[in-house]
Each structure stands twice: as C-alpha cells, then as structure tokens.
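Dumped work.pdb below, it's PDB, C-alpha atoms, pLDDT in the B column:
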ATOM      1  CA  MET H   1       9.453  10.820   6.817  1.00 88.00           C
ATOM      2  CA  TRP H   2       6.428  11.983   8.814  1.00 88.00           C
ATOM      3  CA  GLN H   3       7.795  10.425  12.015  1.00 91.00           C
ATOM      4  CA  LEU H   4      11.184  12.100  11.776  1.00 93.00           C
ATOM      5  CA  GLY H   5       9.866  15.397  10.455  1.00 93.00           C
ATOM      6  CA  GLY H   6       7.094  15.517  13.053  1.00 90.00           C
ATOM      7  CA  ALA H   7       9.461  14.697  15.909  1.00 91.00           C
ATOM      8  CA  PHE H   8      11.837  17.393  14.658  1.00 94.00           C
ATOM      9  CA  ILE H   9       9.048  19.986  14.539  1.00 92.00           C
ATOM     10  CA  TYR H  10       7.918  18.889  18.014  1.00 89.00           C
ATOM     11  CA  SER H  11      11.445  19.294  19.403  1.00 91.00           C
ATOM     12  CA  ILE H  12      12.022  22.856  18.123  1.00 91.00           C
ATOM     13  CA  PRO H  13      10.057  24.697  20.868  1.00 88.00           C
ATOM     14  CA  ALA H  14      11.577  22.502  23.573  1.00 83.00           C
ATOM     15  CA  ALA H  15      15.093  23.186  22.293  1.00 88.00           C
ATOM     16  CA  ILE H  16      14.420  26.930  22.189  1.00 87.00           C
ATOM     17  CA  ARG H  17      13.113  26.864  25.758  1.00 81.00           C
ATOM     18  CA  LEU H  18      16.156  24.946  26.986  1.00 81.00           C
ATOM     19  CA  ALA H  19      18.565  27.212  25.128  1.00 85.00           C
ATOM     20  CA  THR H  20      17.006  30.509  26.190  1.00 83.00           C
ATOM     21  CA  GLY H  21      15.953  29.486  29.689  1.00 79.00           C
ATOM     22  CA  SER H  22      12.554  31.093  29.072  1.00 77.00           C
ATOM     23  CA  ILE H  23       9.156  29.488  28.646  1.00 74.00           C
ATOM     24  CA  HIS H  24       8.195  32.156  26.082  1.00 76.00           C
ATOM     25  CA  LEU H  25       9.079  31.539  22.455  1.00 79.00           C
ATOM     26  CA  PRO H  26      10.255  34.592  20.497  1.00 78.00           C
ATOM     27  CA  ILE H  27       7.469  34.833  17.892  1.00 76.00           C
ATOM     28  CA  LEU H  28       4.649  32.696  19.271  1.00 72.00           C
ATOM     29  CA  SER H  29       4.665  34.475  22.641  1.00 68.00           C
ATOM     30  CA  MET H  30       2.712  37.274  20.993  1.00 69.00           C
ATOM     31  CA  PHE H  31      -0.213  34.830  20.802  1.00 69.00           C
ATOM     32  CA  MET H  32      -0.143  33.646  24.418  1.00 71.00           C
ATOM     33  CA  VAL H  33      -3.654  33.236  25.787  1.00 69.00           C
ATOM     34  CA  PRO H  34      -4.195  35.314  28.942  1.00 67.00           C
ATOM     35  CA  TRP H  35      -6.903  33.043  30.404  1.00 64.00           C
ATOM     36  CA  VAL H  36      -4.664  30.053  31.070  1.00 67.00           C
ATOM     37  CA  THR H  37      -6.417  27.109  32.708  1.00 80.00           C
ATOM     38  CA  PRO H  38      -4.979  23.779  33.795  1.00 83.00           C
ATOM     39  CA  TYR H  39      -6.620  22.153  30.753  1.00 89.00           C
ATOM     40  CA  VAL H  40      -5.647  24.690  28.095  1.00 87.00           C
ATOM     41  CA  PRO H  41      -2.063  25.920  28.299  1.00 84.00           C
ATOM     42  CA  GLY H  42      -1.080  29.485  27.496  1.00 78.00           C
ATOM     43  CA  ASN H  43       0.931  28.323  24.497  1.00 81.00           C
ATOM     44  CA  ILE H  44      -2.175  27.021  22.714  1.00 84.00           C
ATOM     45  CA  VAL H  45      -1.135  28.381  19.301  1.00 85.00           C
ATOM     46  CA  GLU H  46       2.188  26.547  19.511  1.00 87.00           C
ATOM     47  CA  LYS H  47       0.416  23.419  20.729  1.00 89.00           C
ATOM     48  CA  VAL H  48      -2.011  23.413  17.790  1.00 91.00           C
ATOM     49  CA  LEU H  49       0.789  23.968  15.252  1.00 91.00           C
ATOM     50  CA  VAL H  50       3.111  21.357  16.729  1.00 92.00           C
ATOM     51  CA  ASN H  51       0.496  18.661  17.444  1.00 93.00           C
ATOM     52  CA  ALA H  52      -0.733  18.861  13.859  1.00 94.00           C
ATOM     53  CA  PHE H  53       2.523  17.144  12.900  1.00 94.00           C
ATOM     54  CA  PHE H  54       3.499  15.092  15.953  1.00 94.00           C
ATOM     55  CA  PRO H  55       2.131  12.937  17.453  1.00 95.00           C
ATOM     56  CA  GLY H  56      -1.225  13.445  15.720  1.00 94.00           C
ATOM     57  CA  GLY H  57      -0.176  13.960  12.104  1.00 94.00           C
ATOM     58  CA  ALA H  58       2.567  11.346  12.206  1.00 95.00           C
ATOM     59  CA  GLY H  59       0.185   8.867  13.823  1.00 95.00           C
ATOM     60  CA  ALA H  60      -2.478   9.616  11.228  1.00 96.00           C
ATOM     61  CA  VAL H  61      -0.080   8.821   8.388  1.00 95.00           C
ATOM     62  CA  ALA H  62       1.124   5.686  10.173  1.00 95.00           C
ATOM     63  CA  GLY H  63      -2.479   4.562  10.714  1.00 95.00           C
ATOM     64  CA  GLU H  64      -3.324   5.062   7.054  1.00 94.00           C
ATOM     65  CA  ILE H  65      -0.218   3.200   5.897  1.00 94.00           C
ATOM     66  CA  PHE H  66      -0.837   0.348   8.351  1.00 94.00           C
ATOM     67  CA  TYR H  67      -4.455   0.031   7.213  1.00 93.00           C
ATOM     68  CA  SER H  68      -3.488   0.004   3.539  1.00 92.00           C
ATOM     69  CA  TYR H  69      -0.847  -2.697   4.144  1.00 92.00           C
ATOM     70  CA  THR H  70      -3.173  -4.909   6.161  1.00 92.00           C
ATOM     71  CA  HIS H  71      -6.111  -4.616   3.760  1.00 88.00           C
ATOM     72  CA  GLY H  72      -4.143  -4.414   0.510  1.00 80.00           C
ATOM     73  CA  GLN H  73      -6.879  -2.615  -1.391  1.00 78.00           C
ATOM     74  CA  ALA H  74      -8.093   0.847  -2.198  1.00 78.00           C
ATOM     75  CA  PHE H  75     -10.311   2.152   0.548  1.00 85.00           C
ATOM     76  CA  SER H  76     -13.020   4.750   0.857  1.00 91.00           C
ATOM     77  CA  GLN H  77     -12.690   8.241   2.314  1.00 92.00           C
ATOM     78  CA  LYS H  78     -14.435   7.062   5.470  1.00 94.00           C
ATOM     79  CA  GLN H  79     -11.981   4.177   5.924  1.00 94.00           C
ATOM     80  CA  LYS H  80      -9.055   6.489   5.206  1.00 94.00           C
ATOM     81  CA  TYR H  81     -10.047   9.011   7.855  1.00 96.00           C
ATOM     82  CA  LEU H  82     -10.988   6.339  10.392  1.00 96.00           C
ATOM     83  CA  SER H  83      -7.600   4.677   9.914  1.00 96.00           C
ATOM     84  CA  ARG H  84      -5.930   8.067  10.325  1.00 96.00           C
ATOM     85  CA  LEU H  85      -7.974   8.735  13.469  1.00 97.00           C
ATOM     86  CA  GLY H  86      -6.998   5.390  14.970  1.00 97.00           C
ATOM     87  CA  GLY H  87      -3.339   5.992  14.205  1.00 97.00           C
ATOM     88  CA  ALA H  88      -3.431   9.559  15.552  1.00 97.00           C
ATOM     89  CA  TRP H  89      -5.072   8.438  18.799  1.00 97.00           C
ATOM     90  CA  LEU H  90      -2.669   5.512  19.192  1.00 97.00           C
ATOM     91  CA  TRP H  91       0.392   7.744  18.666  1.00 96.00           C
ATOM     92  CA  THR H  92      -1.039  10.345  21.020  1.00 97.00           C
ATOM     93  CA  ALA H  93      -1.739   7.697  23.665  1.00 97.00           C
ATOM     94  CA  GLY H  94       1.845   6.447  23.428  1.00 96.00           C
ATOM     95  CA  TRP H  95       3.241   9.962  23.558  1.00 95.00           C
ATOM     96  CA  SER H  96       0.962  10.821  26.482  1.00 96.00           C
ATOM     97  CA  LEU H  97       2.281   7.802  28.393  1.00 97.00           C
ATOM     98  CA  PHE H  98       5.823   9.031  27.804  1.00 95.00           C
ATOM     99  CA  GLN H  99       4.834  12.561  28.839  1.00 94.00           C
ATOM    100  CA  PHE H 100       3.151  11.196  31.997  1.00 96.00           C
ATOM    101  CA  TRP H 101       6.240   9.180  32.905  1.00 96.00           C
ATOM    102  CA  GLY H 102       8.437  12.250  32.415  1.00 92.00           C
ATOM    103  CA  TYR H 103       6.041  14.466  34.359  1.00 93.00           C
ATOM    104  CA  MET H 104       6.152  12.065  37.302  1.00 95.00           C
ATOM    105  CA  GLN H 105       9.968  12.248  37.264  1.00 93.00           C
ATOM    106  CA  ASN H 106       9.648  16.036  37.770  1.00 90.00           C
ATOM    107  CA  VAL H 107      12.525  16.878  35.443  1.00 85.00           C
ATOM    108  CA  THR H 108      12.963  20.647  35.529  1.00 82.00           C
ATOM    109  CA  GLY H 109      14.249  22.690  32.634  1.00 72.00           C
ATOM    110  CA  SER H 110      16.491  25.713  32.584  1.00 67.00           C
ATOM    111  CA  TYR H 111      13.373  27.898  32.866  1.00 68.00           C
ATOM    112  CA  GLY H 112      12.386  26.275  36.179  1.00 71.00           C
ATOM    113  CA  GLY H 113       9.285  24.327  35.138  1.00 77.00           C
ATOM    114  CA  ASN H 114       8.733  20.651  34.429  1.00 83.00           C
ATOM    115  CA  LEU H 115       9.996  19.677  30.974  1.00 83.00           C
ATOM    116  CA  PHE H 116       6.982  17.436  30.469  1.00 88.00           C
ATOM    117  CA  GLU H 117       3.313  18.324  30.064  1.00 88.00           C
ATOM    118  CA  SER H 118       0.811  18.143  32.870  1.00 90.00           C
ATOM    119  CA  PRO H 119      -1.635  15.217  32.593  1.00 94.00           C
ATOM    120  CA  LEU H 120      -4.458  17.773  32.661  1.00 94.00           C
ATOM    121  CA  VAL H 121      -3.527  18.733  29.080  1.00 94.00           C
ATOM    122  CA  PHE H 122      -3.869  15.188  27.711  1.00 96.00           C
ATOM    123  CA  PRO H 123      -7.579  15.515  26.731  1.00 96.00           C
ATOM    124  CA  LEU H 124      -6.654  18.543  24.611  1.00 95.00           C
ATOM    125  CA  ASN H 125      -3.917  16.461  22.979  1.00 96.00           C
ATOM    126  CA  PHE H 126      -6.504  13.868  21.914  1.00 97.00           C
ATOM    127  CA  LEU H 127      -8.778  16.596  20.552  1.00 96.00           C
ATOM    128  CA  LEU H 128      -5.872  18.007  18.532  1.00 96.00           C
ATOM    129  CA  ALA H 129      -5.009  14.489  17.340  1.00 96.00           C
ATOM    130  CA  SER H 130      -8.584  14.156  16.065  1.00 96.00           C
ATOM    131  CA  LEU H 131      -8.124  17.320  14.026  1.00 96.00           C
ATOM    132  CA  SER H 132      -4.668  16.354  12.783  1.00 96.00           C
ATOM    133  CA  ILE H 133      -6.116  13.645  10.536  1.00 96.00           C
ATOM    134  CA  PHE H 134      -6.510  16.436   7.967  1.00 97.00           C
ATOM    135  CA  THR H 135      -2.876  17.600   8.158  1.00 95.00           C
ATOM    136  CA  PRO H 136      -1.649  15.246   5.376  1.00 95.00           C
ATOM    137  CA  ASP H 137      -4.363  16.603   3.071  1.00 96.00           C
ATOM    138  CA  VAL H 138      -3.485  20.223   3.841  1.00 96.00           C
ATOM    139  CA  ILE H 139       0.238  19.563   3.314  1.00 95.00           C
ATOM    140  CA  GLY H 140      -0.529  17.720   0.069  1.00 95.00           C
ATOM    141  CA  TYR H 141      -2.647  20.630  -1.162  1.00 97.00           C
ATOM    142  CA  PHE H 142       0.122  23.167  -0.493  1.00 96.00           C
ATOM    143  CA  LYS H 143       2.704  20.876  -2.075  1.00 96.00           C
ATOM    144  CA  ASN H 144       0.591  20.625  -5.246  1.00 96.00           C
ATOM    145  CA  GLU H 145       0.077  24.391  -5.363  1.00 97.00           C
ATOM    146  CA  VAL H 146       3.803  25.074  -5.012  1.00 96.00           C
ATOM    147  CA  THR H 147       4.632  22.451  -7.648  1.00 96.00           C
ATOM    148  CA  ASN H 148       2.047  23.818 -10.087  1.00 95.00           C
ATOM    149  CA  THR H 149       3.260  27.384  -9.553  1.00 95.00           C
ATOM    150  CA  TYR H 150       6.862  26.313 -10.093  1.00 94.00           C
ATOM    151  CA  HIS H 151       5.993  24.550 -13.363  1.00 94.00           C
ATOM    152  CA  ALA H 152       3.891  27.511 -14.580  1.00 92.00           C
ATOM    153  CA  VAL H 153       6.743  29.935 -13.918  1.00 91.00           C
ATOM    154  CA  ARG H 154       9.218  27.603 -15.598  1.00 90.00           C
ATOM    155  CA  ARG H 155       6.993  27.311 -18.692  1.00 90.00           C
ATOM    156  CA  LYS H 156       6.764  31.105 -18.976  1.00 88.00           C
ATOM    157  CA  LYS H 157      10.558  31.403 -18.928  1.00 82.00           C
ATOM    158  CA  SER H 158      10.939  28.956 -21.834  1.00 70.00           C
TER     159      SER H 158
END

Just give me the structure as structure tokens.
Amino acid sequence: MWQLGGAFIYSIPAAIRLATGSIHLPILSMFMVPWVTPYVPGNIVEKVLVNAFFPGGAGAVAGEIFYSYTHGQAFSQKQKYLSRLGGAWLWTAGWSLFQFWGYMQNVTGSYGGNLFESPLVFPLNFLLASLSIFTPDVIGYFKNEVTNTYHAVRRKKS
C-alpha cells in the first residue's frame, strides 16, 4: 500500500508539469524559495512533502516490515527506527540511481527542462529520507484522531 500510494503521490507533480508545460505547480508555487542553489531546488516545499511518502516513507515501511519478518519478534523503538532508516536509505539509493540514469539520458519535458533530478540534489534526498522515518507515525496519529472523532460523532447521534 505504501509503495503504490507513495509512487502515486510522487507522480502527481510530474504529471501536472507535463500536462501544463510549466515547472510551477498551481498551489505550491507560492512557496518557491527565491535563493535557489544547485543543492536545494526552488520547489523545496514540494520536495519535502513528496519525499516524506516516496521513496523515503515507502522505504521506511518496507525496512520495518523486512526487519520484522527476518527477526520474527517484537523489537524496540531503536530497532524500529533503525530498520526504517535502513529501508528509507536503500529505497532512496535505488531511486537516486534511477534518477541519475534518467538525468544522463537528458530527457526533456514539455516545460523544456530535464524530467529527472540533478545529481546535486541527491544529498538532500538522503536527508529527507532520514526524516521520513517518522512519516508512518504521523500518518498513524492522524488516522487515529480521525477514527476517534468519527466514533465520537457517531455516538452522539445515537
């Protein structure tokens, strides 16, 4: 679920860029950073939001699941987050290899730029992957809050 959902979330900005022919996204362009460097892209807000789910968040969940299957036991918080970190970094490394291959092909989009990220952004991707190990917890918290609110409202109606 995390792999498909994360890949879908990751593909939304790319699809919008291809469809509109513009590098600027309708809502997130308001948050473009004016001091763009080769290492931090102007679409940093989009990058943080998207990378929380894919490849970082999806890799974190995969790392945790892989660790739990290989060890077959309950594990501590430290082991949980280390397994998530390993999975997030592994997914990000694989995705970065794909991005590097695409960047070297110099595939241009309808907006004129390369469809793939510059290799100078890859260190930022690994930093964001390190932070995305908390995404499953944040999503779980919001899911519990929505569920509890739904049940409280339903009880009041009865």

Next on the checklist: For the PyMOL selection byres ((chain H and resi 84) around 8), applied here, can you spell out every residue it catches as a list of chain:residue names?
Outcome noted: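 Applying the PyMOL selection byres ((chain H and resi 84) around 8) to the structure shown produces H:Gly59, H:Ala60, H:Val61, H:Ala62, H:Gly63, H:Glu64, H:Lys80, H:Tyr81, H:Leu82, H:Ser83, H:Leu85, H:Gly86, H:Gly87, H:Ala88, H:Ile133.
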
Checklist entry - What residues come out when you apply the PyMOL selection byres ((chain H and resi 92-107) around 7) to this file, written as a list in words? => result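 Output of the PyMOL selection byres ((chain H and resi 92-107) around 7): Pro55, Gly56, Ala88, Trp89, Leu90, Trp91, Thr108, Gly109, Asn114, Leu115, Phe116, Glu117, Ser118, Pro119, Phe122, Phe126 and Ala129 of chain H.
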
Checklist entry - Any chance you could work out the residue set of the PyMOL selection byres ((chain H and resi 45) around 8) here, as a list in words? => result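 Going through the file, the PyMOL selection byres ((chain H and resi 45) around 8) ends up selecting Leu28, Phe31, Met32, Asn43, Ile44, Glu46, Lys47, Val48 and Leu49 of chain H.
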
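Across the structure, atom CA of Ala14 of chain H and atom CA of Val50 of chain H are spaced 10.9 Å apart.
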
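The interatomic distance for the pair atom CA of Ile16 of chain H and atom CA of Gly140 of chain H works out to 28.2 Å.
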
Next on the checklist: One number please: atom CA of Gln77 of chain H to atom CA of Ile65 of chain H, in Å, one decimal.
Outcome noted: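 These atoms are spaced 13.9 Å apart.
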
Next on the checklist: Counting all atoms listed in the file, I want the residues whose atoms come within 10 Å of (12.1, 22.3, 21.6) in the file frame, returned as a VMD selection string.
Outcome noted: chain H and resid 7 to 19 25 115
